[in-house]
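Undergrad: Data: entry39.txt, compact mmCIF, C-alpha atoms and all ligand atoms.
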# COMPACT_ATOMS: atom_id res chain seq x y z
CA MET Y 16 16.44 -24.57 -49.99
CA GLN Y 17 14.90 -21.47 -48.46
CA MET Y 18 14.93 -18.24 -50.50
CA ASN Y 19 14.15 -14.74 -49.41
CA HIS Y 20 11.97 -12.28 -51.31
CA LYS Y 21 14.84 -10.74 -53.27
CA GLU Y 22 16.32 -14.10 -54.27
CA ILE Y 23 12.97 -15.35 -55.58
CA ASN Y 24 12.57 -12.19 -57.70
CA GLU Y 25 16.09 -12.66 -59.09
CA ALA Y 26 15.37 -16.31 -59.92
CA LEU Y 27 12.15 -15.32 -61.69
CA ALA Y 28 14.04 -12.66 -63.72
CA GLY Y 29 16.63 -15.34 -64.69
CA LEU Y 30 13.86 -17.71 -65.77
CA GLY Y 31 12.45 -14.91 -67.93
CA LYS Y 32 15.81 -14.44 -69.67
CA ILE Y 33 16.23 -18.17 -70.34
CA SER Y 34 12.73 -18.48 -71.78
CA ALA Y 35 13.27 -15.39 -74.03
CA SER Y 36 14.99 -17.56 -76.63
CA GLY Y 37 11.91 -19.76 -77.12
CA PRO Y 38 8.92 -19.33 -79.44
CA PRO Y 39 7.11 -15.95 -78.98
CA GLU Y 40 3.82 -17.56 -77.81
CA MET Y 41 5.79 -19.57 -75.24
CA VAL Y 42 7.76 -16.46 -74.13
CA ALA Y 43 4.52 -14.49 -73.70
CA MET Y 44 2.94 -17.31 -71.73
CA ILE Y 45 6.01 -17.82 -69.51
CA ASP Y 46 6.23 -14.02 -68.89
CA GLN Y 47 2.58 -14.00 -67.85
CA VAL Y 48 3.13 -16.93 -65.47
CA ILE Y 49 6.23 -15.25 -64.06
CA ASP Y 50 4.31 -11.95 -63.49
CA THR Y 51 1.46 -13.81 -61.78
CA VAL Y 52 3.84 -15.77 -59.53
CA ARG Y 53 5.79 -12.58 -58.72
CA SER Y 54 2.66 -10.65 -57.73
CA GLN Y 55 1.39 -13.59 -55.61
CA ILE Y 56 4.75 -13.86 -53.90
CA ASP Y 57 4.79 -10.08 -53.28
CA VAL Y 58 1.38 -10.38 -51.59
CA VAL Y 59 2.52 -13.33 -49.44
CA PHE Y 60 5.71 -11.58 -48.37
CA SER Y 61 4.00 -8.26 -47.56
CA GLU Y 62 1.36 -10.10 -45.51
CA HIS Y 63 4.06 -12.02 -43.66
CA ALA Y 64 6.05 -8.86 -43.05
CA GLY Y 65 2.92 -7.25 -41.51
CA MET Y 66 2.31 -10.33 -39.37
CA ALA Y 67 5.90 -10.35 -38.14
CA ASP Y 68 5.60 -6.67 -37.12
CA GLU Y 69 2.31 -7.32 -35.38
CA LEU Y 70 3.77 -10.31 -33.56
CA LEU Y 71 6.70 -8.22 -32.41
CA ARG Y 72 4.36 -5.45 -31.18
CA ALA Y 73 2.16 -7.98 -29.37
CA TYR Y 74 5.26 -9.44 -27.72
CA GLU Y 75 6.44 -5.98 -26.62
CA GLN Y 76 3.02 -5.11 -25.25
CA LEU Y 77 2.86 -8.38 -23.36
CA GLY Y 78 6.20 -7.43 -21.77
CA ILE Y 79 4.76 -4.05 -20.73
CA VAL Y 80 1.66 -5.65 -19.20
CA PHE Y 81 3.86 -8.14 -17.31
CA GLU Y 82 6.14 -5.35 -16.03
CA VAL Y 83 3.20 -3.23 -14.82
CA ILE Y 84 1.25 -6.06 -13.20
CA SER Y 85 4.24 -7.61 -11.46
CA ARG Y 86 5.25 -4.24 -9.98
CA LEU Y 87 1.73 -3.37 -8.88
CA ALA Y 88 1.55 -6.70 -7.02
CA SER Y 89 3.92 -5.32 -4.36
CA ALA Y 90 1.78 -2.22 -3.64
CA GLU Y 91 0.51 -1.87 -0.08
CA THR Y 92 -1.09 1.55 -0.25
CA GLN Y 93 -2.81 3.78 -2.81
CA ASP Y 94 0.33 5.94 -3.03
CA ASP Y 95 2.34 2.77 -3.77
CA VAL Y 96 -0.03 1.90 -6.61
CA VAL Y 97 0.44 5.26 -8.38
CA ARG Y 98 4.20 5.33 -7.79
CA LEU Y 99 4.79 1.74 -8.96
CA PHE Y 100 2.48 2.21 -11.95
CA ILE Y 101 4.42 5.25 -13.19
CA GLU Y 102 7.77 3.56 -12.44
CA SER Y 103 6.84 0.47 -14.46
CA LEU Y 104 5.69 2.58 -17.42
CA ARG Y 105 8.93 4.59 -17.29
CA ILE Y 106 10.85 1.31 -17.57
CA SER Y 107 8.67 0.06 -20.42
CA TYR Y 108 8.78 3.36 -22.34
CA GLN Y 109 12.34 4.34 -21.57
CA ASP Y 110 12.81 5.83 -25.04
CA MET Y 111 10.17 8.47 -24.22
CA GLU Y 112 9.71 11.18 -21.65
CA LEU Y 113 6.83 10.42 -19.31
CA TYR Y 114 5.22 13.10 -17.18
CA SER Y 115 2.69 12.68 -14.43
CA ALA Y 116 0.38 15.60 -13.80
CA GLU Y 117 -1.65 15.65 -10.60
CA ARG Y 118 -4.33 17.92 -9.29
CA ARG Y 119 -4.08 18.44 -5.58
CA LYS Y 120 -7.20 19.26 -3.58
CA GLY Y 121 -9.08 20.83 -6.47
CA GLU Y 122 -6.21 23.10 -7.40
CA LYS Y 123 -4.78 23.62 -10.85
CA LEU Y 124 -3.13 20.70 -12.54
CA CYS Y 125 0.40 20.48 -11.19
CA TRP Y 126 3.31 19.15 -13.24
CA THR Y 127 6.81 20.19 -14.15
CA PRO Y 128 7.88 19.43 -17.72
CA ARG Y 129 11.61 19.54 -18.34
CA LYS Y 130 11.07 22.13 -21.06
CA PRO Y 131 8.64 24.84 -19.87
CA ASN Y 132 7.01 25.53 -23.26
CA ARG Y 133 5.52 22.07 -23.15
CA ALA Y 134 3.17 22.90 -20.28
CA MET Y 135 1.34 25.36 -22.53
CA GLU Y 136 1.50 23.29 -25.70
CA PHE Y 137 0.22 20.13 -24.04
CA SER Y 138 -2.39 21.64 -21.72
CA GLU Y 139 -5.25 21.47 -24.24
CA THR Y 140 -4.71 17.74 -24.89
CA ILE Y 141 -4.38 17.04 -21.19
CA SER Y 142 -7.62 18.87 -20.39
CA GLU Y 143 -9.37 17.07 -23.23
CA CYS Y 144 -8.28 13.65 -21.98
CA ILE Y 145 -9.40 14.45 -18.41
CA ASP Y 146 -12.75 15.91 -19.49
CA ASN Y 147 -13.51 12.89 -21.70
CA GLN Y 148 -11.88 10.36 -19.35
CA ARG Y 149 -10.07 8.62 -22.17
CA VAL Y 150 -6.68 8.37 -23.86
CA PHE Y 151 -5.88 11.10 -26.38
CA VAL Y 152 -3.08 11.36 -28.94
CA LYS Y 153 -2.13 14.77 -30.28
CA VAL Y 154 0.10 14.98 -33.36
CA PHE Y 155 2.10 18.18 -33.78
CA ASP Y 156 2.41 19.45 -37.36
CA ARG Y 157 5.36 21.64 -36.56
CA ALA Y 158 8.34 20.64 -34.50
CA ILE Y 159 7.98 21.67 -30.87
CA GLU Y 160 11.27 20.93 -29.19
CA ASP Y 161 11.52 17.67 -31.17
CA VAL Y 162 8.06 16.53 -30.11
CA ALA Y 163 6.22 14.66 -32.85
CA GLU Y 164 3.21 13.68 -30.79
CA ILE Y 165 2.02 13.14 -27.24
CA MET Y 166 -0.30 10.57 -25.74
CA ALA Y 167 -2.23 11.67 -22.63
CA ALA Y 168 -3.89 9.02 -20.44
CA PRO Y 169 -6.04 9.90 -17.41
CA VAL Y 170 -6.10 7.73 -14.27
CA PHE Y 171 -9.43 7.76 -12.43
CA ALA Y 172 -10.29 5.83 -9.29
CA GLY Y 173 -14.04 5.56 -9.79
CA ASP Y 174 -15.11 9.17 -10.41
CA ASN Y 175 -12.08 10.63 -8.68
CA PHE Y 176 -9.34 12.00 -10.90
CA VAL Y 177 -5.92 10.81 -9.75
CA CYS Y 178 -3.43 11.97 -12.37
CA VAL Y 179 -2.80 12.17 -16.08
CA LEU Y 180 0.18 10.51 -17.73
CA VAL Y 181 1.76 12.24 -20.70
CA PHE Y 182 3.98 10.20 -23.04
CA VAL Y 183 6.16 12.37 -25.27
CA ASN Y 184 7.19 10.85 -28.59
CA ASP Y 185 10.06 12.50 -30.42
CA ARG Y 186 10.51 12.62 -34.16
CA LYS Y 187 12.92 9.69 -34.29
CA GLY Y 188 10.94 6.62 -33.30
CA ARG Y 189 7.77 4.82 -34.26
CA ARG Y 190 4.48 6.75 -34.02
CA PHE Y 191 1.69 5.88 -31.63
CA ASP Y 192 -1.00 3.69 -33.16
CA ALA Y 193 -4.35 2.28 -32.06
CA SER Y 194 -2.68 -0.62 -30.25
CA ASP Y 195 -0.64 1.79 -28.06
CA MET Y 196 -3.79 3.67 -27.17
CA SER Y 197 -5.77 0.55 -26.30
CA LEU Y 198 -2.89 -0.89 -24.25
CA ILE Y 199 -2.45 2.32 -22.20
CA ASP Y 200 -6.21 2.67 -21.88
CA ALA Y 201 -6.41 -0.87 -20.45
CA LEU Y 202 -3.49 -0.27 -18.09
CA VAL Y 203 -4.83 3.01 -16.67
CA SER Y 204 -8.16 1.21 -16.12
CA VAL Y 205 -6.39 -1.56 -14.18
CA CYS Y 206 -4.55 1.06 -12.11
CA GLY Y 207 -7.82 2.96 -11.47
CA ASP Y 208 -9.66 -0.22 -10.43
CA LEU Y 209 -6.84 -1.16 -8.10
CA LEU Y 210 -6.90 2.31 -6.52
CA ARG Y 211 -10.65 2.06 -6.09
CA ASN Y 212 -10.26 -1.33 -4.39
CA TYR Y 213 -7.64 0.08 -2.04
CA GLU Y 214 -9.92 3.04 -1.31
CA LEU Y 215 -12.81 0.72 -0.45
CA ALA Y 216 -10.54 -1.54 1.60
CA ASP Y 217 -9.21 1.52 3.48
CA ARG Y 218 -12.74 2.69 4.19
CA LEU Y 219 -13.73 -0.77 5.36
CA ARG Y 220 -10.65 -0.95 7.59
CA GLU Y 221 -11.40 2.48 9.10
CA LEU Y 222 -14.98 1.42 9.68
CA SER Y 223 -13.82 -1.81 11.35
CA ILE Y 224 -11.34 0.08 13.53
CA ASP Y 225 -14.02 2.59 14.56
CA THR Y 226 -16.35 -0.29 15.40
CA VAL Y 227 -13.69 -2.05 17.46
CA LYS Y 228 -12.82 1.23 19.17
CA SER Y 229 -16.42 1.70 20.26
CA LEU Y 230 -16.58 -1.93 21.37
CA VAL Y 231 -13.44 -1.63 23.51
CA SER Y 232 -14.62 1.72 24.88
CA ALA Y 233 -17.69 -0.06 26.14
CA VAL Y 234 -15.43 -2.65 27.82
CA ASP Y 235 -13.18 0.07 29.27
CA GLN Y 236 -16.22 1.78 30.71
CA LYS Y 237 -16.98 -1.28 32.83
CA ASP Y 238 -14.38 0.35 35.02
CA GLU Y 239 -14.71 4.14 35.05
CA TYR Y 240 -11.01 4.46 35.82
CA THR Y 241 -9.91 2.79 32.61
CA SER Y 242 -12.12 4.81 30.25
CA GLY Y 243 -10.28 5.38 26.96
CA HIS Y 244 -7.41 3.10 28.03
CA SER Y 245 -7.54 0.63 25.11
CA ASN Y 246 -7.72 3.38 22.48
CA ARG Y 247 -4.72 5.14 24.03
CA VAL Y 248 -2.75 1.87 24.23
CA GLY Y 249 -3.65 1.28 20.55
CA HIS Y 250 -2.36 4.76 19.73
CA PHE Y 251 0.93 4.43 21.64
CA ALA Y 252 1.58 0.88 20.42
CA LYS Y 253 1.11 2.02 16.83
CA LEU Y 254 3.57 4.89 17.33
CA LEU Y 255 6.14 2.52 18.84
CA GLY Y 256 5.61 -0.13 16.15
CA ALA Y 257 6.04 2.43 13.36
CA GLU Y 258 9.17 3.83 15.04
CA ILE Y 259 10.87 0.40 15.00
CA GLY Y 260 9.98 -0.08 11.34
CA LEU Y 261 6.70 -2.00 11.28
CA THR Y 262 4.53 -1.10 8.31
CA GLY Y 263 1.40 -2.08 6.40
CA ASN Y 264 -0.50 -5.12 7.57
CA ARG Y 265 2.08 -5.92 10.24
CA LEU Y 266 1.50 -2.53 11.90
CA GLN Y 267 -2.24 -2.90 11.45
CA MET Y 268 -2.23 -6.23 13.33
CA LEU Y 269 -0.28 -4.63 16.17
CA GLU Y 270 -2.93 -1.90 16.42
CA TRP Y 271 -5.72 -4.51 16.47
CA ALA Y 272 -3.94 -6.46 19.21
CA ALA Y 273 -3.36 -3.30 21.27
CA LEU Y 274 -6.98 -2.19 20.92
CA LEU Y 275 -8.28 -5.60 21.93
CA HIS Y 276 -5.72 -6.55 24.59
CA ASP Y 277 -8.15 -6.07 27.50
CA VAL Y 278 -11.38 -7.10 25.79
CA GLY Y 279 -11.45 -10.21 28.01
CA LYS Y 280 -12.14 -7.96 31.02
CA ILE Y 281 -15.75 -8.16 29.92
CA GLY Y 282 -15.73 -11.58 31.62
CA ILE Y 283 -14.19 -10.36 34.89
CA ARG Y 284 -16.56 -9.84 37.79
CA ASP Y 285 -17.42 -6.18 38.41
CA ASP Y 286 -16.81 -6.48 42.16
CA VAL Y 287 -13.21 -7.50 41.38
CA LEU Y 288 -12.62 -5.11 38.49
CA LYS Y 289 -13.93 -2.10 40.37
CA LYS Y 290 -12.74 -3.06 43.82
CA PRO Y 291 -11.14 -0.02 45.39
CA GLY Y 292 -9.29 -1.97 48.08
CA LYS Y 293 -6.54 -4.54 47.95
CA LEU Y 294 -7.35 -7.69 45.95
CA THR Y 295 -7.35 -11.08 47.65
CA ASP Y 296 -5.25 -13.83 46.07
CA GLU Y 297 -8.39 -15.38 44.60
CA GLU Y 298 -9.49 -12.04 43.14
CA PHE Y 299 -6.05 -11.41 41.72
CA GLU Y 300 -6.05 -14.86 40.09
CA HIS Y 301 -9.46 -14.06 38.61
CA ILE Y 302 -8.29 -10.77 37.12
CA LYS Y 303 -5.20 -12.53 35.72
CA GLU Y 304 -7.54 -14.59 33.54
CA HIS Y 305 -8.29 -11.59 31.31
CA PRO Y 306 -5.42 -11.97 28.73
CA VAL Y 307 -6.55 -15.53 27.97
CA ARG Y 308 -10.17 -14.39 27.87
CA SER Y 309 -9.15 -11.64 25.40
CA TYR Y 310 -7.25 -14.27 23.41
CA ASP Y 311 -10.36 -16.48 23.25
CA VAL Y 312 -12.47 -13.57 21.96
CA VAL Y 313 -9.96 -12.62 19.24
CA LYS Y 314 -9.30 -16.27 18.31
CA ALA Y 315 -12.87 -16.47 17.02
CA ILE Y 316 -11.95 -14.03 14.22
CA PRO Y 317 -9.73 -15.91 11.71
CA GLN Y 318 -8.53 -12.68 10.03
CA MET Y 319 -6.98 -11.59 13.31
CA SER Y 320 -4.84 -14.66 13.93
CA GLU Y 321 -1.67 -12.53 13.69
CA ALA Y 322 -2.92 -10.37 16.58
CA LEU Y 323 -3.27 -13.31 18.98
CA GLY Y 324 0.29 -13.28 20.34
CA GLY Y 325 0.10 -9.61 21.26
CA VAL Y 326 -3.26 -10.07 22.98
CA ARG Y 327 -2.43 -13.21 25.00
CA HIS Y 328 1.02 -12.17 26.19
CA HIS Y 329 0.59 -8.48 27.00
CA HIS Y 330 1.20 -9.14 30.71
CA GLU Y 331 4.35 -11.24 30.24
CA ARG Y 332 7.24 -9.48 32.00
CA PHE Y 333 10.66 -9.41 30.39
CA ASP Y 334 12.12 -11.32 33.38
CA GLY Y 335 9.61 -14.16 32.95
CA ARG Y 336 7.55 -13.37 36.07
CA GLY Y 337 4.46 -12.24 34.18
CA TYR Y 338 1.38 -14.13 33.07
CA PRO Y 339 -0.37 -16.16 31.66
CA ASP Y 340 2.52 -18.33 30.35
CA GLY Y 341 5.59 -16.95 32.13
CA LEU Y 342 7.43 -16.26 28.85
CA ALA Y 343 10.66 -14.26 29.12
CA GLY Y 344 12.82 -11.99 26.94
CA ASN Y 345 12.51 -12.42 23.22
CA ASP Y 346 10.32 -15.50 23.66
CA ILE Y 347 7.55 -12.97 24.30
CA PRO Y 348 6.05 -11.99 20.92
CA LEU Y 349 7.27 -8.55 19.81
CA ASP Y 350 3.72 -7.17 19.65
CA ALA Y 351 3.13 -8.18 23.26
CA ARG Y 352 6.35 -6.46 24.39
CA ILE Y 353 5.27 -3.30 22.55
CA ILE Y 354 1.77 -3.41 24.04
CA LEU Y 355 3.16 -3.94 27.54
CA VAL Y 356 5.25 -0.75 27.35
CA ALA Y 357 2.28 1.27 26.01
CA ASP Y 358 -0.05 -0.36 28.56
CA VAL Y 359 2.19 0.35 31.59
CA PHE Y 360 2.75 3.96 30.47
CA ASP Y 361 -0.98 4.60 30.09
CA ALA Y 362 -1.79 2.89 33.39
CA LEU Y 363 0.81 5.01 35.19
CA THR Y 364 -0.33 8.30 33.66
CA THR Y 365 -4.01 7.84 34.47
CA THR Y 366 -5.71 7.79 37.82
CA ARG Y 367 -6.76 4.35 39.01
CA SER Y 368 -9.09 3.27 41.76
CA TYR Y 369 -6.07 2.67 43.98
CA ARG Y 370 -3.80 5.67 43.19
CA LYS Y 371 -3.54 9.04 41.48
CA ALA Y 372 -1.99 9.47 38.04
CA PHE Y 373 1.76 9.97 37.86
CA ASP Y 374 3.02 12.81 35.70
CA ILE Y 375 4.62 11.86 32.38
CA GLU Y 376 8.23 12.32 33.57
CA LYS Y 377 7.63 10.12 36.64
CA ALA Y 378 5.92 7.46 34.49
CA LEU Y 379 8.89 7.43 32.09
CA ALA Y 380 11.28 7.14 35.04
CA ILE Y 381 9.38 4.09 36.34
CA LEU Y 382 9.43 2.48 32.87
CA ARG Y 383 13.19 3.14 32.72
CA GLU Y 384 13.80 1.65 36.19
CA GLU Y 385 11.83 -1.45 35.25
CA ALA Y 386 13.39 -1.91 31.79
CA GLY Y 387 14.79 -5.44 31.61
CA THR Y 388 12.58 -6.71 34.44
CA VAL Y 389 9.12 -5.59 33.29
CA GLY Y 390 9.57 -3.91 29.90
CA ASP Y 391 11.82 -4.80 26.97
CA PRO Y 392 15.07 -2.84 27.59
CA GLU Y 393 15.44 -2.11 23.87
CA LEU Y 394 11.89 -0.82 23.41
CA VAL Y 395 11.70 1.40 26.50
CA PRO Y 396 14.29 3.99 25.31
CA VAL Y 397 12.59 4.15 21.89
CA PHE Y 398 9.23 4.70 23.58
CA GLU Y 399 10.70 7.41 25.80
CA LYS Y 400 12.02 9.22 22.72
CA ILE Y 401 8.55 9.05 21.13
CA ILE Y 402 6.85 10.44 24.24
CA GLN Y 403 9.38 13.32 24.47
CA ARG Y 404 8.78 14.06 20.77
CA GLU Y 405 4.99 13.98 21.19
CA LEU Y 406 5.25 16.23 24.27
CA ALA Y 407 7.43 18.73 22.40
CA ALA Y 408 4.96 18.75 19.50
CA GLY Y 409 2.06 19.46 21.89
CA ARG Y 410 0.37 16.12 21.13
CA LEU Y 411 0.38 15.03 24.79
CA PRO Y 412 -1.58 14.62 26.89
CA LEU Y 413 -4.11 13.06 24.54
CA ASP Y 414 -7.67 14.41 24.49
CA SER Y 415 -8.96 11.49 26.45
CA TYR Y 416 -6.32 11.78 29.16
CA GLY Y 417 -7.45 12.48 32.71
CA THR Y 418 -11.06 11.60 32.92
CA GLY Y 419 -11.72 13.87 35.87
CA ILE Y 420 -11.35 11.02 38.33
CA ASP Y 421 -9.36 12.02 41.35
CA ALA Y 422 -8.16 10.88 44.75
CA PRO Y 423 -6.37 7.59 45.15
CA LYS Y 424 -8.33 5.27 47.37
CA ASN Y 425 -5.47 3.25 48.80
CA ASP Y 426 -2.02 1.91 48.02
CA GLN Y 427 -2.95 -1.18 46.13
CA LYS Y 428 0.00 -2.66 44.24
CA GLU Y 429 0.18 -2.16 40.47
CA ALA Y 430 -1.26 -5.57 39.79
CA ASN Y 431 -3.17 -4.84 36.72
CA PRO Y 432 -1.93 -2.00 34.56
FE FE Y 501 -4.39 -6.14 30.59
Can you present the structure in this file as structure tokens?
Ligand SMILES: [Fe+2]
TA:
Amino acid sequence: MQMNHKEINEALAGLGKISASGPPEMVAMIDQVIDTVRSQIDVVFSEHAGMADELLRAYEQLGIVFEVISRLASAETQDDVVRLFIESLRISYQDMELYSAERRKGEKLCWTPRKPNRAMEFSETISECIDNQRVFVKVFDRAIEDVAEIMAAPVFAGDNFVCVLVFVNDRKGRRFDASDMSLIDALVSVCGDLLRNYELADRLRELSIDTVKSLVSAVDQKDEYTSGHSNRVGHFAKLLGAEIGLTGNRLQMLEWAALLHDVGKIGIRDDVLKKPGKLTDEEFEHIKEHPVRSYDVVKAIPQMSEALGGVRHHHERFDGRGYPDGLAGNDIPLDARIILVADVFDALTTTRSYRKAFDIEKALAILREEAGTVGDPELVPVFEKIIQRELAAGRLPLDSYGTGIDAPKNDQKEANP
């Protein structure tokens, strides 16, 4: 039979009453035994009660860690990390108010508490936690709008302050203890480390993109007429990809593919690439090798495997009469269809060895006329809308447009945009 604390005490009291009728020495001895047993049992029960509370707290905290980590796993950007971190804490601490105070570009700390007096009352604690870069709890002796205490936790990415989180505990619930502080301290550290990693990854990505941009510029400069072409195609392809909803790594791969689409031209003979006159069939076949040559270059970089389709198929026409594989319609990878539209537009709006640049309206008209035969008929109208928007916003022509090259040399067909 299992007995709880109260039942055991009652049983011991009953035993005391029964033994009271015995000899005095016996009664005294039994009372002493009963007192000893009672005090031992009190100790055992109070220890168990403490352990049960601690177990419950540990279980709750484990739930909070799980909630935070599983949400952070879906972050793709630094902004995502901060947003998801705060969201997950709001879910875990839904019985409290949680404020996030940010400092933007060295300005004053910016936050909007629901009750304005709090900004003043809490500011000292917030400053203290930022200055010391650690979690602070401030207990209020007098009631301030039902606030019993606040816990302020700063998020730093390396040395850079990101924001401070302020948990507001009212007078009804449990008070913050050391385990709350160490849990929040650990979580803001995880968030800070993650932000730092994203920052480093972003810097690395920018560095890689800059390196690739200089590499492709060098390739573009093999032919003076295509200077800046790959960077502009990268720019337009990225705008089009973002407009149709590509994001994150998917959009990044499209940009890589667009930047590198013509890198294989490095293997095309100069006399063919720069030939001002009409190409012979053999020369045209040689120049048509460049998408596969680009593909072979990019294939050597395992991290860019998702960019391969866009690179290899950027000259596939929508009607299937392109090269190198004669793919048609939606069999052509989406990235390649995007790059083709950006590529044709840039080729038309820049002067080539065989003709002068068309103006933007004329280039858009040609893209429109060829939608469904050359370009994807669903992408062309979206691209046109983007170009009109960029024109209206004064972002076109791009800086690198019009390289000062003039005079068309002959009427060579648009073989190689
Ligand atoms: Fe090309």
Undergrad: Please, which residues have at least one atom within 12 Å of an atom of ligand FE 501 (chain Y), using all atoms listed in the file, listed as a PDB file with C-alpha atoms, keeping the file's coordinate frame?
TA:
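So the final result, stored in result_39.pdb, reads:
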ATOM      1  CA  VAL Y 234     -15.430  -2.650  27.820  1.00  0.00           C
ATOM      2  CA  ASP Y 235     -13.180   0.070  29.270  1.00  0.00           C
ATOM      3  CA  THR Y 241      -9.910   2.790  32.610  1.00  0.00           C
ATOM      4  CA  HIS Y 244      -7.410   3.100  28.030  1.00  0.00           C
ATOM      5  CA  SER Y 245      -7.540   0.630  25.110  1.00  0.00           C
ATOM      6  CA  VAL Y 248      -2.750   1.870  24.230  1.00  0.00           C
ATOM      7  CA  ALA Y 272      -3.940  -6.460  19.210  1.00  0.00           C
ATOM      8  CA  ALA Y 273      -3.360  -3.300  21.270  1.00  0.00           C
ATOM      9  CA  LEU Y 274      -6.980  -2.190  20.920  1.00  0.00           C
ATOM     10  CA  LEU Y 275      -8.280  -5.600  21.930  1.00  0.00           C
ATOM     11  CA  HIS Y 276      -5.720  -6.550  24.590  1.00  0.00           C
ATOM     12  CA  ASP Y 277      -8.150  -6.070  27.500  1.00  0.00           C
ATOM     13  CA  VAL Y 278     -11.380  -7.100  25.790  1.00  0.00           C
ATOM     14  CA  GLY Y 279     -11.450 -10.210  28.010  1.00  0.00           C
ATOM     15  CA  LYS Y 280     -12.140  -7.960  31.020  1.00  0.00           C
ATOM     16  CA  ILE Y 281     -15.750  -8.160  29.920  1.00  0.00           C
ATOM     17  CA  ILE Y 283     -14.190 -10.360  34.890  1.00  0.00           C
ATOM     18  CA  LEU Y 288     -12.620  -5.110  38.490  1.00  0.00           C
ATOM     19  CA  ILE Y 302      -8.290 -10.770  37.120  1.00  0.00           C
ATOM     20  CA  LYS Y 303      -5.200 -12.530  35.720  1.00  0.00           C
ATOM     21  CA  GLU Y 304      -7.540 -14.590  33.540  1.00  0.00           C
ATOM     22  CA  HIS Y 305      -8.290 -11.590  31.310  1.00  0.00           C
ATOM     23  CA  PRO Y 306      -5.420 -11.970  28.730  1.00  0.00           C
ATOM     24  CA  VAL Y 307      -6.550 -15.530  27.970  1.00  0.00           C
ATOM     25  CA  ARG Y 308     -10.170 -14.390  27.870  1.00  0.00           C
ATOM     26  CA  SER Y 309      -9.150 -11.640  25.400  1.00  0.00           C
ATOM     27  CA  TYR Y 310      -7.250 -14.270  23.410  1.00  0.00           C
ATOM     28  CA  GLY Y 325       0.100  -9.610  21.260  1.00  0.00           C
ATOM     29  CA  VAL Y 326      -3.260 -10.070  22.980  1.00  0.00           C
ATOM     30  CA  ARG Y 327      -2.430 -13.210  25.000  1.00  0.00           C
ATOM     31  CA  HIS Y 328       1.020 -12.170  26.190  1.00  0.00           C
ATOM     32  CA  HIS Y 329       0.590  -8.480  27.000  1.00  0.00           C
ATOM     33  CA  HIS Y 330       1.200  -9.140  30.710  1.00  0.00           C
ATOM     34  CA  GLU Y 331       4.350 -11.240  30.240  1.00  0.00           C
ATOM     35  CA  GLY Y 337       4.460 -12.240  34.180  1.00  0.00           C
ATOM     36  CA  TYR Y 338       1.380 -14.130  33.070  1.00  0.00           C
ATOM     37  CA  PRO Y 339      -0.370 -16.160  31.660  1.00  0.00           C
ATOM     38  CA  ALA Y 351       3.130  -8.180  23.260  1.00  0.00           C
ATOM     39  CA  ILE Y 354       1.770  -3.410  24.040  1.00  0.00           C
ATOM     40  CA  LEU Y 355       3.160  -3.940  27.540  1.00  0.00           C
ATOM     41  CA  VAL Y 356       5.250  -0.750  27.350  1.00  0.00           C
ATOM     42  CA  ALA Y 357       2.280   1.270  26.010  1.00  0.00           C
ATOM     43  CA  ASP Y 358      -0.050  -0.360  28.560  1.00  0.00           C
ATOM     44  CA  VAL Y 359       2.190   0.350  31.590  1.00  0.00           C
ATOM     45  CA  ASP Y 361      -0.980   4.600  30.090  1.00  0.00           C
ATOM     46  CA  ALA Y 362      -1.790   2.890  33.390  1.00  0.00           C
ATOM     47  CA  GLU Y 429       0.180  -2.160  40.470  1.00  0.00           C
ATOM     48  CA  ALA Y 430      -1.260  -5.570  39.790  1.00  0.00           C
ATOM     49  CA  ASN Y 431      -3.170  -4.840  36.720  1.00  0.00           C
ATOM     50  CA  PRO Y 432      -1.930  -2.000  34.560  1.00  0.00           C
TER      51      PRO Y 432
END
Undergrad: Within 9 Å of (0.3, -3.9, -25.2) in the file's own coordinates, which protein, DNA or RNA residues have an atom, counting all atoms listed in the file? List them as a PDB file with C-alpha atoms, in the frame of the given file.
TA:
ATOM      1  CA  ARG Y  72       4.360  -5.450 -31.180  1.00  0.00           C
ATOM      2  CA  ALA Y  73       2.160  -7.980 -29.370  1.00  0.00           C
ATOM      3  CA  TYR Y  74       5.260  -9.440 -27.720  1.00  0.00           C
ATOM      4  CA  GLU Y  75       6.440  -5.980 -26.620  1.00  0.00           C
ATOM      5  CA  GLN Y  76       3.020  -5.110 -25.250  1.00  0.00           C
ATOM      6  CA  LEU Y  77       2.860  -8.380 -23.360  1.00  0.00           C
ATOM      7  CA  GLY Y  78       6.200  -7.430 -21.770  1.00  0.00           C
ATOM      8  CA  ILE Y  79       4.760  -4.050 -20.730  1.00  0.00           C
ATOM      9  CA  VAL Y  80       1.660  -5.650 -19.200  1.00  0.00           C
ATOM     10  CA  SER Y 194      -2.680  -0.620 -30.250  1.00  0.00           C
ATOM     11  CA  ASP Y 195      -0.640   1.790 -28.060  1.00  0.00           C
ATOM     12  CA  MET Y 196      -3.790   3.670 -27.170  1.00  0.00           C
ATOM     13  CA  SER Y 197      -5.770   0.550 -26.300  1.00  0.00           C
ATOM     14  CA  LEU Y 198      -2.890  -0.890 -24.250  1.00  0.00           C
ATOM     15  CA  ILE Y 199      -2.450   2.320 -22.200  1.00  0.00           C
ATOM     16  CA  ALA Y 201      -6.410  -0.870 -20.450  1.00  0.00           C
ATOM     17  CA  LEU Y 202      -3.490  -0.270 -18.090  1.00  0.00           C
TER      18      LEU Y 202
END
Undergrad: Of the candidates Y:Leu411, Y:Ile56, Y:Ile353, Y:Ala193, which one gets nearest to Gly390 in chain Y if we count only C-alpha atoms?
TA: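 Of the candidates, the smallest distance to Gly390 in chain Y is held by Y:Ile353.
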